[in-house]
$ cat run_35.txt   # compact mmCIF, C-alpha atoms
# COMPACT_ATOMS: atom_id res chain seq x y z
CA MET Y 206 0.00 0.00 0.00
CA GLN Y 207 2.82 2.33 0.96
CA ASN Y 208 4.59 1.43 -2.26
CA VAL Y 209 1.48 2.36 -4.18
CA LEU Y 210 1.32 5.78 -2.54
CA ALA Y 211 5.04 6.28 -3.07
CA TYR Y 212 4.60 5.40 -6.73
CA PHE Y 213 1.93 8.01 -7.23
CA SER Y 214 3.86 10.75 -5.44
CA GLN Y 215 6.99 10.06 -7.48
CA ASN Y 216 5.56 9.06 -10.85
CA GLY Y 217 2.25 10.94 -10.92
CA THR Y 218 2.91 12.70 -14.22
CA GLU Y 219 4.18 9.51 -15.82
CA PHE Y 220 1.01 7.73 -14.75
CA VAL Y 221 -1.22 10.45 -16.18
CA GLN Y 222 0.79 10.27 -19.39
CA MET Y 223 0.22 6.52 -19.63
CA VAL Y 224 -3.52 6.89 -19.09
CA ALA Y 225 -3.58 9.61 -21.74
CA THR Y 226 -1.66 7.46 -24.25
CA HIS Y 227 -3.97 4.55 -23.52
CA LEU Y 228 -7.11 6.61 -24.09
CA TRP Y 229 -5.64 8.34 -27.13
CA LEU Y 230 -4.69 5.03 -28.83
CA SER Y 231 -8.14 3.62 -28.09
CA ALA Y 232 -9.96 6.74 -29.27
CA VAL Y 233 -8.08 6.98 -32.58
CA ALA Y 234 -8.66 3.29 -33.32
CA LEU Y 235 -12.37 3.56 -32.45
CA ALA Y 236 -12.83 6.69 -34.55
CA LEU Y 237 -11.18 5.06 -37.57
CA ALA Y 238 -13.16 1.87 -37.07
CA THR Y 239 -16.44 3.81 -36.88
CA VAL Y 240 -15.67 5.75 -40.03
CA ILE Y 241 -14.98 2.49 -41.89
CA ALA Y 242 -17.56 0.20 -40.31
CA VAL Y 243 -20.70 2.34 -40.28
CA PRO Y 244 -20.88 3.04 -44.05
CA LEU Y 245 -19.92 -0.57 -44.80
CA GLY Y 246 -22.58 -1.74 -42.39
CA ILE Y 247 -25.25 0.46 -43.97
CA LEU Y 248 -24.30 -0.79 -47.44
CA GLY Y 249 -24.30 -4.35 -46.11
CA ALA Y 250 -27.91 -3.96 -45.03
CA ARG Y 251 -28.85 -3.01 -48.59
CA PHE Y 252 -26.70 -5.33 -50.72
CA ARG Y 253 -26.95 -8.95 -49.71
CA ARG Y 254 -23.84 -10.02 -51.62
CA LEU Y 255 -21.65 -7.48 -49.80
CA ASP Y 256 -23.24 -8.51 -46.53
CA SER Y 257 -22.36 -12.17 -46.88
CA VAL Y 258 -18.80 -11.34 -47.96
CA SER Y 259 -18.17 -8.94 -45.10
CA GLU Y 260 -19.86 -11.28 -42.64
CA GLY Y 261 -17.40 -14.00 -43.67
CA VAL Y 262 -14.35 -11.76 -43.54
CA TRP Y 263 -15.10 -9.85 -40.35
CA GLY Y 264 -16.74 -12.83 -38.67
CA THR Y 265 -13.50 -14.73 -39.13
CA LEU Y 266 -11.35 -11.80 -38.00
CA ARG Y 267 -13.50 -11.59 -34.92
CA ILE Y 268 -12.63 -15.07 -33.71
CA ILE Y 269 -8.89 -14.71 -34.27
CA PRO Y 270 -7.14 -14.08 -30.93
CA SER Y 271 -6.49 -10.35 -30.43
CA LEU Y 272 -2.84 -10.92 -29.55
CA ALA Y 273 -2.29 -12.61 -32.91
CA LEU Y 274 -4.00 -9.72 -34.72
CA LEU Y 275 -1.82 -7.26 -32.86
CA LEU Y 276 1.41 -8.98 -33.79
CA VAL Y 277 0.78 -10.11 -37.35
CA LEU Y 278 1.56 -6.66 -38.77
CA ILE Y 279 4.94 -6.30 -37.12
CA PRO Y 280 6.94 -7.95 -39.93
CA VAL Y 281 5.32 -5.43 -42.30
CA LEU Y 282 4.86 -2.25 -40.25
CA GLY Y 283 7.50 -2.70 -37.56
CA THR Y 284 6.79 -1.79 -33.92
CA GLY Y 285 5.36 1.37 -32.42
CA THR Y 286 2.15 3.33 -32.58
CA LEU Y 287 1.21 2.73 -36.23
CA PRO Y 288 0.86 -1.09 -36.14
CA ALA Y 289 -0.92 -0.77 -32.79
CA VAL Y 290 -3.50 1.66 -34.15
CA VAL Y 291 -4.03 -0.39 -37.31
CA SER Y 292 -4.51 -3.61 -35.35
CA LEU Y 293 -6.83 -2.02 -32.80
CA THR Y 294 -8.87 -0.56 -35.65
CA VAL Y 295 -9.19 -3.96 -37.29
CA LEU Y 296 -10.22 -5.37 -33.94
CA ALA Y 297 -12.90 -2.71 -33.45
CA ILE Y 298 -14.51 -2.96 -36.88
CA PRO Y 299 -16.41 -6.29 -36.62
CA PRO Y 300 -18.71 -5.49 -33.68
CA ILE Y 301 -19.58 -2.04 -35.08
CA LEU Y 302 -20.13 -3.34 -38.61
CA ILE Y 303 -22.22 -6.35 -37.60
CA ASN Y 304 -24.44 -4.29 -35.31
CA THR Y 305 -24.88 -1.51 -37.87
CA THR Y 306 -26.02 -4.01 -40.48
CA THR Y 307 -28.40 -5.67 -38.02
CA ALA Y 308 -29.79 -2.29 -36.99
CA PHE Y 309 -30.48 -1.19 -40.56
CA LYS Y 310 -31.96 -4.57 -41.49
CA THR Y 311 -34.47 -4.48 -38.66
CA LEU Y 312 -35.83 -0.95 -39.06
CA PRO Y 313 -39.62 -0.89 -38.58
CA ALA Y 314 -41.14 -1.19 -42.05
CA ASP Y 315 -44.22 0.91 -41.28
CA VAL Y 316 -42.14 3.91 -40.23
CA LEU Y 317 -40.04 3.70 -43.41
CA GLU Y 318 -43.17 3.42 -45.49
CA ALA Y 319 -44.61 6.49 -43.81
CA ALA Y 320 -41.41 8.44 -44.52
CA GLU Y 321 -41.48 7.41 -48.15
CA GLY Y 322 -45.20 8.12 -48.37
CA MET Y 323 -44.51 11.64 -47.18
CA GLY Y 324 -42.22 12.00 -50.18
CA MET Y 325 -39.00 12.20 -48.20
CA PRO Y 326 -35.90 12.11 -50.40
CA PRO Y 327 -33.68 9.07 -49.60
CA ALA Y 328 -30.81 11.13 -48.17
CA ARG Y 329 -33.13 12.93 -45.79
CA GLU Y 330 -34.82 9.67 -44.81
CA LEU Y 331 -31.41 8.20 -43.99
CA LEU Y 332 -30.42 11.14 -41.81
CA THR Y 333 -33.66 11.96 -40.05
CA VAL Y 334 -35.43 8.58 -39.84
CA LYS Y 335 -33.14 5.63 -40.36
CA LEU Y 336 -30.05 6.80 -38.46
CA PRO Y 337 -31.85 7.80 -35.26
CA LEU Y 338 -33.82 4.53 -35.26
CA ALA Y 339 -30.74 2.40 -35.93
CA LEU Y 340 -28.56 4.26 -33.45
CA PRO Y 341 -29.15 2.22 -30.26
CA VAL Y 342 -28.32 -1.16 -31.81
CA ALA Y 343 -25.37 0.21 -33.78
CA PHE Y 344 -24.15 1.93 -30.63
CA ALA Y 345 -24.26 -1.35 -28.72
CA GLY Y 346 -21.67 -2.62 -31.22
CA PHE Y 347 -19.57 0.46 -30.55
CA ARG Y 348 -19.75 -0.28 -26.83
CA THR Y 349 -18.50 -3.85 -27.37
CA ALA Y 350 -15.73 -2.56 -29.60
CA THR Y 351 -14.69 -0.01 -26.98
CA SER Y 352 -14.26 -2.56 -24.24
CA GLU Y 353 -12.29 -4.82 -26.57
CA VAL Y 354 -10.05 -1.95 -27.68
CA ILE Y 355 -9.35 -0.68 -24.17
CA ALA Y 356 -8.37 -4.22 -23.15
CA SER Y 357 -6.22 -4.87 -26.19
CA ALA Y 358 -4.56 -1.45 -26.04
CA MET Y 359 -2.78 -2.89 -23.02
CA LEU Y 360 -1.09 -5.42 -25.22
CA ALA Y 361 -0.09 -2.59 -27.53
CA ALA Y 362 2.48 -1.61 -24.90
CA TYR Y 363 4.27 -4.79 -25.83
CA ILE Y 364 4.85 -3.58 -29.35
CA GLY Y 365 6.15 -0.24 -28.16
CA ALA Y 366 3.04 1.91 -28.37
CA GLY Y 367 2.97 2.81 -24.66
CA GLY Y 368 -0.11 3.06 -22.48
CA LEU Y 369 -1.02 1.40 -19.20
CA GLY Y 370 0.27 -1.97 -20.43
CA ASP Y 371 3.78 -0.57 -19.83
CA LEU Y 372 3.14 -0.64 -16.10
CA ILE Y 373 2.08 -4.26 -16.17
CA PHE Y 374 4.93 -5.44 -18.35
CA THR Y 375 7.44 -3.53 -16.18
CA GLY Y 376 5.80 -5.02 -13.09
CA LEU Y 377 6.06 -8.49 -14.59
CA GLY Y 378 9.70 -7.96 -15.55
CA LEU Y 379 10.76 -6.67 -12.13
CA MET Y 380 8.15 -8.69 -10.21
CA ARG Y 381 6.93 -5.51 -8.57
CA THR Y 382 3.57 -6.16 -6.94
CA ASP Y 383 2.81 -2.45 -6.61
CA LEU Y 384 3.17 -1.83 -10.35
CA LEU Y 385 1.08 -4.91 -11.19
CA TRP Y 386 -1.72 -3.76 -8.92
CA ILE Y 387 -1.66 -0.14 -10.04
CA GLY Y 388 -1.64 -1.18 -13.70
CA GLY Y 389 -4.21 -3.94 -13.35
CA LEU Y 390 -6.63 -1.97 -11.21
CA SER Y 391 -6.43 1.21 -13.28
CA VAL Y 392 -7.18 -0.61 -16.54
CA ALA Y 393 -10.00 -2.55 -14.87
CA ALA Y 394 -11.42 0.68 -13.46
CA LEU Y 395 -10.99 2.46 -16.79
CA SER Y 396 -12.82 -0.21 -18.77
CA LEU Y 397 -15.62 -0.58 -16.21
CA ALA Y 398 -16.09 3.19 -16.05
CA VAL Y 399 -16.15 3.65 -19.82
CA GLY Y 400 -18.45 0.63 -20.14
CA ALA Y 401 -20.89 2.06 -17.60
CA LEU Y 402 -20.84 5.48 -19.28
CA LEU Y 403 -21.56 4.00 -22.70
CA SER Y 404 -24.33 1.79 -21.26
CA LEU Y 405 -26.00 4.91 -19.88
CA ALA Y 406 -25.71 6.65 -23.24
CA GLU Y 407 -27.14 3.59 -24.97
CA ALA Y 408 -30.12 3.46 -22.61
CA ARG Y 409 -30.83 7.12 -23.37
CA MET Y 410 -30.66 6.49 -27.13
CA ARG Y 411 -33.00 3.54 -26.75
CA ARG Y 412 -35.57 5.66 -24.94
CA ARG Y 413 -35.34 8.34 -27.57
CA ALA Y 414 -35.55 5.91 -30.51
CA GLY Y 415 -38.51 4.29 -28.77
CA MET Y 416 -40.28 7.65 -28.75
CA VAL Y 417 -39.63 8.12 -32.45
CA ALA Y 418 -40.94 4.65 -33.30
CA ALA Y 419 -44.04 5.12 -31.13
CA MET J 80 7.64 -17.72 -48.59
CA GLY J 81 10.09 -20.59 -49.12
CA ALA J 82 12.25 -19.39 -46.23
CA TYR J 83 9.21 -19.40 -43.97
CA LEU J 84 8.27 -22.98 -44.83
CA GLU J 85 11.85 -24.08 -44.32
CA PHE J 86 12.08 -22.49 -40.88
CA TRP J 87 8.74 -23.93 -39.83
CA SER J 88 9.57 -27.47 -40.88
CA GLU J 89 13.07 -27.33 -39.41
CA HIS J 90 11.79 -26.04 -36.08
CA ALA J 91 8.44 -27.79 -36.07
CA GLU J 92 8.75 -28.71 -32.40
CA LYS J 93 9.02 -25.02 -31.49
CA PHE J 94 5.51 -24.60 -32.87
CA LEU J 95 3.97 -27.96 -31.96
CA ASP J 96 4.99 -28.15 -28.29
CA PRO J 97 3.36 -24.79 -27.46
CA LEU J 98 0.29 -25.90 -29.42
CA ALA J 99 0.03 -29.01 -27.24
CA GLU J 100 0.41 -26.85 -24.12
CA HIS J 101 -2.23 -24.49 -25.43
CA LEU J 102 -4.68 -27.32 -26.04
CA GLN J 103 -4.01 -28.61 -22.55
CA ILE J 104 -4.73 -25.22 -20.94
CA VAL J 105 -7.89 -24.84 -23.00
CA GLY J 106 -9.02 -28.40 -22.20
CA VAL J 107 -8.48 -28.14 -18.45
CA THR J 108 -10.13 -24.70 -18.38
CA LEU J 109 -13.22 -25.92 -20.23
CA LEU J 110 -13.67 -29.01 -18.04
CA ILE J 111 -13.59 -26.90 -14.88
CA SER J 112 -15.66 -24.08 -16.45
CA VAL J 113 -18.48 -26.34 -17.59
CA ALA J 114 -18.67 -28.19 -14.26
CA LEU J 115 -18.70 -24.93 -12.29
CA ALA J 116 -21.18 -23.26 -14.65
CA ALA J 117 -23.55 -26.21 -14.30
CA VAL J 118 -23.47 -25.90 -10.51
CA VAL J 119 -23.92 -22.12 -10.58
CA SER J 120 -26.77 -22.37 -13.10
CA VAL J 121 -28.67 -24.99 -11.09
CA ALA J 122 -28.25 -22.82 -8.00
CA LEU J 123 -29.61 -19.81 -9.90
CA LEU J 124 -32.58 -21.79 -11.22
CA ARG J 125 -33.40 -22.78 -7.63
CA HIS J 126 -33.03 -19.19 -6.43
CA PRO J 127 -34.30 -17.02 -9.27
CA ARG J 128 -34.08 -13.86 -7.20
CA ALA J 129 -30.28 -14.07 -7.13
CA LYS J 130 -30.16 -14.37 -10.92
CA GLY J 131 -29.93 -10.69 -11.81
CA VAL J 132 -27.27 -9.89 -9.25
CA VAL J 133 -25.09 -12.90 -10.05
CA LEU J 134 -25.26 -12.36 -13.82
CA GLN J 135 -24.43 -8.67 -13.34
CA LEU J 136 -21.43 -9.65 -11.24
CA LEU J 137 -20.20 -12.22 -13.76
CA SER J 138 -20.54 -9.72 -16.58
CA ALA J 139 -18.50 -7.18 -14.61
CA VAL J 140 -15.74 -9.77 -14.19
CA TYR J 141 -15.97 -10.55 -17.90
CA ALA J 142 -15.52 -6.86 -18.70
CA ILE J 143 -12.15 -6.67 -16.92
CA PRO J 144 -9.29 -6.96 -19.44
CA SER J 145 -7.46 -10.27 -19.00
CA LEU J 146 -4.00 -8.76 -18.62
CA ALA J 147 -5.34 -6.59 -15.79
CA LEU J 148 -6.85 -9.58 -14.03
CA PHE J 149 -3.63 -11.57 -14.45
CA ALA J 150 -1.62 -8.65 -13.07
CA VAL J 151 -3.83 -8.23 -10.03
CA LEU J 152 -3.84 -11.96 -9.25
CA ILE J 153 -0.11 -12.65 -9.67
CA PRO J 154 0.88 -11.27 -6.26
CA VAL J 155 -1.81 -13.51 -4.73
CA THR J 156 -1.69 -16.74 -6.71
CA GLY J 157 1.73 -16.52 -8.34
CA LEU J 158 2.91 -16.99 -11.89
CA GLY J 159 2.04 -20.02 -13.98
CA GLU J 160 -0.69 -22.18 -15.37
CA SER J 161 -2.93 -22.29 -12.31
CA THR J 162 -3.41 -18.51 -12.27
CA ALA J 163 -4.12 -18.60 -16.00
CA VAL J 164 -6.73 -21.34 -15.62
CA LEU J 165 -8.34 -19.49 -12.70
CA VAL J 166 -8.77 -16.33 -14.77
CA LEU J 167 -9.99 -18.21 -17.84
CA VAL J 168 -12.56 -20.14 -15.78
CA ALA J 169 -13.80 -16.88 -14.25
CA TYR J 170 -14.34 -15.34 -17.71
CA ASN J 171 -16.16 -18.40 -19.01
CA GLN J 172 -18.69 -18.33 -16.20
CA TYR J 173 -20.40 -15.31 -17.71
CA LEU J 174 -20.67 -16.80 -21.21
CA LEU J 175 -21.76 -20.26 -19.99
CA VAL J 176 -24.09 -19.36 -17.10
CA ARG J 177 -25.81 -16.62 -19.10
CA ASN J 178 -26.58 -18.98 -21.97
CA ILE J 179 -27.62 -21.92 -19.77
CA VAL J 180 -29.96 -19.79 -17.67
CA THR J 181 -31.41 -17.90 -20.66
CA GLY J 182 -31.88 -21.19 -22.52
CA ILE J 183 -33.67 -22.92 -19.68
CA ASP J 184 -35.80 -19.87 -18.90
CA GLY J 185 -36.81 -19.84 -22.55
CA VAL J 186 -38.26 -23.36 -22.49
CA ASP J 187 -42.01 -23.25 -23.07
CA PRO J 188 -43.61 -23.28 -19.59
CA SER J 189 -46.47 -25.46 -20.85
CA VAL J 190 -43.97 -28.21 -21.71
CA VAL J 191 -42.54 -28.07 -18.21
CA GLU J 192 -46.10 -28.06 -16.81
CA ALA J 193 -46.94 -31.16 -18.85
CA ALA J 194 -43.82 -32.94 -17.59
CA ARG J 195 -44.77 -32.05 -14.03
CA GLY J 196 -48.30 -33.30 -14.65
CA MET J 197 -46.82 -36.62 -15.74
CA GLY J 198 -45.32 -36.85 -12.25
CA MET J 199 -41.71 -36.06 -13.18
CA SER J 200 -39.48 -34.76 -10.37
CA ASP J 201 -37.83 -31.34 -10.76
CA ALA J 202 -34.43 -32.95 -11.24
CA ARG J 203 -35.79 -35.24 -13.93
CA ILE J 204 -37.57 -32.37 -15.69
CA LEU J 205 -34.27 -30.45 -15.72
CA ARG J 206 -32.34 -33.43 -17.06
CA GLU J 207 -34.81 -34.80 -19.59
CA VAL J 208 -36.86 -31.79 -20.66
CA GLN J 209 -35.31 -28.41 -19.94
CA VAL J 210 -31.64 -29.11 -20.71
CA PRO J 211 -32.30 -30.94 -24.00
CA LEU J 212 -34.60 -28.14 -25.19
CA ALA J 213 -32.12 -25.46 -24.14
CA LEU J 214 -29.21 -27.29 -25.75
CA PRO J 215 -28.83 -25.05 -28.83
CA LEU J 216 -28.28 -21.95 -26.67
CA ILE J 217 -26.06 -23.89 -24.26
CA MET J 218 -23.92 -25.06 -27.18
CA ALA J 219 -23.67 -21.50 -28.50
CA GLY J 220 -22.39 -20.42 -25.08
CA LEU J 221 -19.87 -23.25 -25.12
CA ARG J 222 -18.60 -22.17 -28.54
CA LEU J 223 -18.11 -18.56 -27.39
CA ALA J 224 -16.32 -19.87 -24.30
CA VAL J 225 -13.97 -22.04 -26.37
CA ILE J 226 -13.10 -19.18 -28.75
CA SER J 227 -12.56 -16.70 -25.94
CA THR J 228 -10.44 -19.22 -23.99
CA ILE J 229 -8.25 -19.92 -27.02
CA GLY J 230 -7.68 -16.18 -27.45
CA ILE J 231 -7.07 -15.21 -23.84
CA ALA J 232 -4.85 -18.25 -23.25
CA THR J 233 -2.34 -16.70 -25.67
CA ILE J 234 -2.06 -13.71 -23.32
CA ALA J 235 -1.43 -16.12 -20.44
CA ALA J 236 2.06 -16.62 -21.83
CA THR J 237 2.97 -13.30 -20.19
CA ILE J 238 2.57 -14.97 -16.81
CA ASN J 239 4.60 -18.07 -17.75
CA ALA J 240 1.63 -20.33 -18.41
CA GLY J 241 3.12 -21.53 -21.71
CA GLY J 242 1.01 -22.11 -24.80
CA LEU J 243 0.96 -20.44 -28.21
CA GLY J 244 1.58 -17.01 -26.68
CA THR J 245 5.17 -18.07 -25.99
CA VAL J 246 5.81 -18.42 -29.73
CA LEU J 247 4.40 -14.91 -30.30
CA PHE J 248 6.24 -13.24 -27.44
CA ASP J 249 9.51 -15.02 -28.25
CA GLY J 250 9.18 -13.91 -31.84
CA LEU J 251 8.53 -10.37 -30.69
CA ARG J 252 11.51 -10.27 -28.33
CA THR J 253 13.90 -11.46 -31.00
CA LEU J 254 11.99 -9.79 -33.86
CA ASN J 255 11.82 -13.17 -35.57
CA SER J 256 9.22 -12.89 -38.35
CA TYR J 257 9.09 -16.66 -38.82
CA LYS J 258 7.94 -17.09 -35.25
CA ILE J 259 5.57 -14.11 -35.29
CA VAL J 260 3.86 -15.12 -38.51
CA GLY J 261 3.92 -18.85 -37.71
CA GLY J 262 2.52 -18.29 -34.22
CA THR J 263 -0.15 -15.93 -35.54
CA LEU J 264 -1.24 -18.44 -38.16
CA GLU J 265 -1.36 -21.20 -35.56
CA CYS J 266 -3.56 -19.12 -33.23
CA ALA J 267 -5.84 -18.05 -36.06
CA LEU J 268 -6.22 -21.57 -37.48
CA LEU J 269 -6.88 -23.08 -34.07
CA ALA J 270 -9.65 -20.56 -33.41
CA ILE J 271 -11.16 -20.95 -36.87
CA VAL J 272 -11.14 -24.76 -36.78
CA ALA J 273 -12.59 -24.87 -33.26
CA ASN J 274 -15.30 -22.40 -34.27
CA ALA J 275 -16.24 -24.38 -37.38
CA ALA J 276 -16.32 -27.71 -35.54
CA LEU J 277 -18.49 -26.34 -32.75
CA ARG J 278 -20.81 -24.66 -35.25
CA LEU J 279 -21.36 -28.04 -36.92
CA LEU J 280 -22.12 -29.59 -33.55
CA GLU J 281 -24.42 -26.68 -32.75
CA SER J 282 -26.47 -27.10 -35.91
CA ALA J 283 -26.66 -30.88 -35.41
CA VAL J 284 -28.02 -30.30 -31.90
CA THR J 285 -30.46 -27.64 -33.11
CA ARG J 286 -31.84 -29.95 -35.79
CA ARG J 287 -32.45 -32.65 -33.20
CA VAL J 288 -34.26 -30.26 -30.90
CA VAL J 289 -36.45 -28.86 -33.65
CA ARG J 290 -37.43 -32.35 -34.72

$ encode --input "run_35.txt" --output "structure tokens"
Amino acid sequence: MQNVLAYFSQNGTEFVQMVATHLWLSAVALALATVIAVPLGILGARFRRLDSVSEGVWGTLRIIPSLALLLVLIPVLGTGTLPAVVSLTVLAIPPILINTTTAFKTLPADVLEAAEGMGMPPARELLTVKLPLALPVAFAGFRTATSEVIASAMLAAYIGAGGLGDLIFTGLGLMRTDLLWIGGLSVAALSLAVGALLSLAEARMRRRAGMVAA
Amino acid sequence: MGAYLEFWSEHAEKFLDPLAEHLQIVGVTLLISVALAAVVSVALLRHPRAKGVVLQLLSAVYAIPSLALFAVLIPVTGLGESTAVLVLVAYNQYLLVRNIVTGIDGVDPSVVEAARGMGMSDARILREVQVPLALPLIMAGLRLAVISTIGIATIAATINAGGLGTVLFDGLRTLNSYKIVGGTLECALLAIVANAALRLLESAVTRRVVR
């Protein structure tokens, strides 16, 4: 316990830096994944051929162990931040894509018919009707992706990208219990906190989408 | 490409021994996980009021990144395979218990009522009616557990539990592409084959239930 306090008084800035790197890596990967996965997911809901192809590709990627995904690019991209971000992005795409497609496939037909009956142009229908209705389910995929990325970003430390994983790998190397606990507990707290926050946001979206549908 | 094949065949044991270790970790973990999940599920079916709380708790454990859980447990349970198996079993409880309980809750109550009317005991209803009908969902849970165990077990190499992770981490330390690529392929293939095999089993079970 004393060691833990000593660590924070001596390495406070370093710790904050590691949390910041961790969040930054995760955020960049999630943003990239969203930008790629949402349009692909929307297209997948419309074109069945594309859907079955991307389901095969991303479904397979999804079951490959994350550590393997994180390391496979090293012979090509080397170590550091770039391969970490690319791998984390690849890891985050499947849940977002699959949920986006599901969301757009299961939109209530009567609401869409009403929108078309009102003479809404397709672009406006997408933005004002389809997107808000699909948001909760698609967002649930984003939530899954976030928890996977925050967890795997720890492994990114191993390929030289920094983040809270550094603490754990240093702790393992030196067998320092204090570092292991600080690292382990902060990542656990981080992922639980972000998970809870996103769950709240999702519940709010659900309520709002429910009002639109009703 | 030729150089890769040459390295792999010359050092086949460096890839096959960790694979055997990996399979052993996964096997032991699944045996313990399934046994424990069965006990927990039966307890939850007997005490439905505890269901929400217990599932919430298991899902919170499941949400903790594995490396974090390993790190926190090492000072308590030490390095090695037993800590790895402990963590892997803990993760599987959420996947298995959730699917068992949801599956059994989803069995048509009128079927259970009919079985009871025929004078079946609760234990017999569970064994001969509820579990067989819930089997598709239970098998789906098992498949998720197997895939997740295969994946997380690679990370267990960081705490000296052995397995395919050792190939990856060794390759990374020495920047040996043969090991990194070979290990990655091994992990990926293992997960893909296990997934396909369990999917086959799942659809066979589902067909039987539907009939």

$ interface_residues --input "run_35.txt" --of "chain Y" --to "chain J" --cutoff "9 Å" --atoms "all atoms listed in the file" --output "MDAnalysis selection string"
chainID Y and resid 265:266 268:274 276:280 352:353 355:357 359:360 363:364 370 373:374 376:377 380:382 384:394 396:397 400

$ write_last_selection --input "run_35.txt" --atoms "C-alpha atoms" --output "short mmCIF file (atom, residue, chain, number, x, y, z; two decimals), in the coordinates of the input"
data_model
loop_
_atom_site.label_atom_id
_atom_site.label_comp_id
_atom_site.auth_asym_id
_atom_site.auth_seq_id
_atom_site.Cartn_x
_atom_site.Cartn_y
_atom_site.Cartn_z
CA THR Y 265 -13.50 -14.73 -39.13
CA LEU Y 266 -11.35 -11.80 -38.00
CA ILE Y 268 -12.63 -15.07 -33.71
CA ILE Y 269 -8.89 -14.71 -34.27
CA PRO Y 270 -7.14 -14.08 -30.93
CA SER Y 271 -6.49 -10.35 -30.43
CA LEU Y 272 -2.84 -10.92 -29.55
CA ALA Y 273 -2.29 -12.61 -32.91
CA LEU Y 274 -4.00 -9.72 -34.72
CA LEU Y 276 1.41 -8.98 -33.79
CA VAL Y 277 0.78 -10.11 -37.35
CA LEU Y 278 1.56 -6.66 -38.77
CA ILE Y 279 4.94 -6.30 -37.12
CA PRO Y 280 6.94 -7.95 -39.93
CA SER Y 352 -14.26 -2.56 -24.24
CA GLU Y 353 -12.29 -4.82 -26.57
CA ILE Y 355 -9.35 -0.68 -24.17
CA ALA Y 356 -8.37 -4.22 -23.15
CA SER Y 357 -6.22 -4.87 -26.19
CA MET Y 359 -2.78 -2.89 -23.02
CA LEU Y 360 -1.09 -5.42 -25.22
CA TYR Y 363 4.27 -4.79 -25.83
CA ILE Y 364 4.85 -3.58 -29.35
CA GLY Y 370 0.27 -1.97 -20.43
CA ILE Y 373 2.08 -4.26 -16.17
CA PHE Y 374 4.93 -5.44 -18.35
CA GLY Y 376 5.80 -5.02 -13.09
CA LEU Y 377 6.06 -8.49 -14.59
CA MET Y 380 8.15 -8.69 -10.21
CA ARG Y 381 6.93 -5.51 -8.57
CA THR Y 382 3.57 -6.16 -6.94
CA LEU Y 384 3.17 -1.83 -10.35
CA LEU Y 385 1.08 -4.91 -11.19
CA TRP Y 386 -1.72 -3.76 -8.92
CA ILE Y 387 -1.66 -0.14 -10.04
CA GLY Y 388 -1.64 -1.18 -13.70
CA GLY Y 389 -4.21 -3.94 -13.35
CA LEU Y 390 -6.63 -1.97 -11.21
CA SER Y 391 -6.43 1.21 -13.28
CA VAL Y 392 -7.18 -0.61 -16.54
CA ALA Y 393 -10.00 -2.55 -14.87
CA ALA Y 394 -11.42 0.68 -13.46
CA SER Y 396 -12.82 -0.21 -18.77
CA LEU Y 397 -15.62 -0.58 -16.21
CA GLY Y 400 -18.45 0.63 -20.14
#

$ atom_distance --input "run_35.txt" --atom1 "CA of His90 in chain J" --atom2 "CA of Ala236 in chain J"
19.7 Å

$ residues_around --input "run_35.txt" --residues "Arg203 in chain J" --least-positions-apart "6" --cutoff "10 Å" --atoms "only C-alpha atoms" --output "count of residues only"
3

$ atom_distance --input "run_35.txt" --atom1 "CA of Leu212 in chain J" --atom2 "CA of Asp184 in chain J"
10.5 Å

$ atom_distance --input "run_35.txt" --atom1 "CA of Leu248 in chain Y" --atom2 "CA of Leu340 in chain Y"
15.5 Å

$ residues_near_point --input "run_35.txt" --point "(-7.2, -27.9, -22.1)" --cutoff "12 Å" --atoms "only C-alpha atoms" --output "ChimeraX atom specification"
/J:98-112,160,163-164,167-168,225,228-229,232,242

$ closest_residue --input "run_35.txt" --among "J:Val186, J:Glu85, J:Leu165, J:Gly159" --to "Leu115 in chain J" --atoms "all atoms listed in the file"
J:Leu165

$ closest_residue --input "run_35.txt" --among "J:Phe94, J:Ala240, J:Asn178, J:Trp87" --to "Val166 in chain J" --atoms "all atoms listed in the file"
J:Ala240

$ closest_residue --input "run_35.txt" --among "Y:Leu275, Y:Val262, Y:Ile298, Y:Leu372" --to "Ala350 in chain Y" --atoms "all atoms listed in the file"
Y:Ile298

$ closest_residue --input "run_35.txt" --among "Y:Asn304, Y:Thr375, Y:Thr284, Y:Thr294" --to "Ala238 in chain Y" --atoms "all atoms listed in the file"
Y:Thr294

$ closest_residue --input "run_35.txt" --among "Y:Ala366, Y:Ala339, Y:Ala414, Y:Leu403" --to "Pro288 in chain Y" --atoms "only C-alpha atoms"
Y:Ala366

$ axis_aligned_box --input "run_35.txt" --around "range 302-311 of chain Y" --padding-each-side "6 Å" --output "AutoDock Vina command-line options"
--center_x -27.3 --center_y -3.8 --center_z -38.4 --size_x 26.3 --size_y 17.2 --size_z 18.2
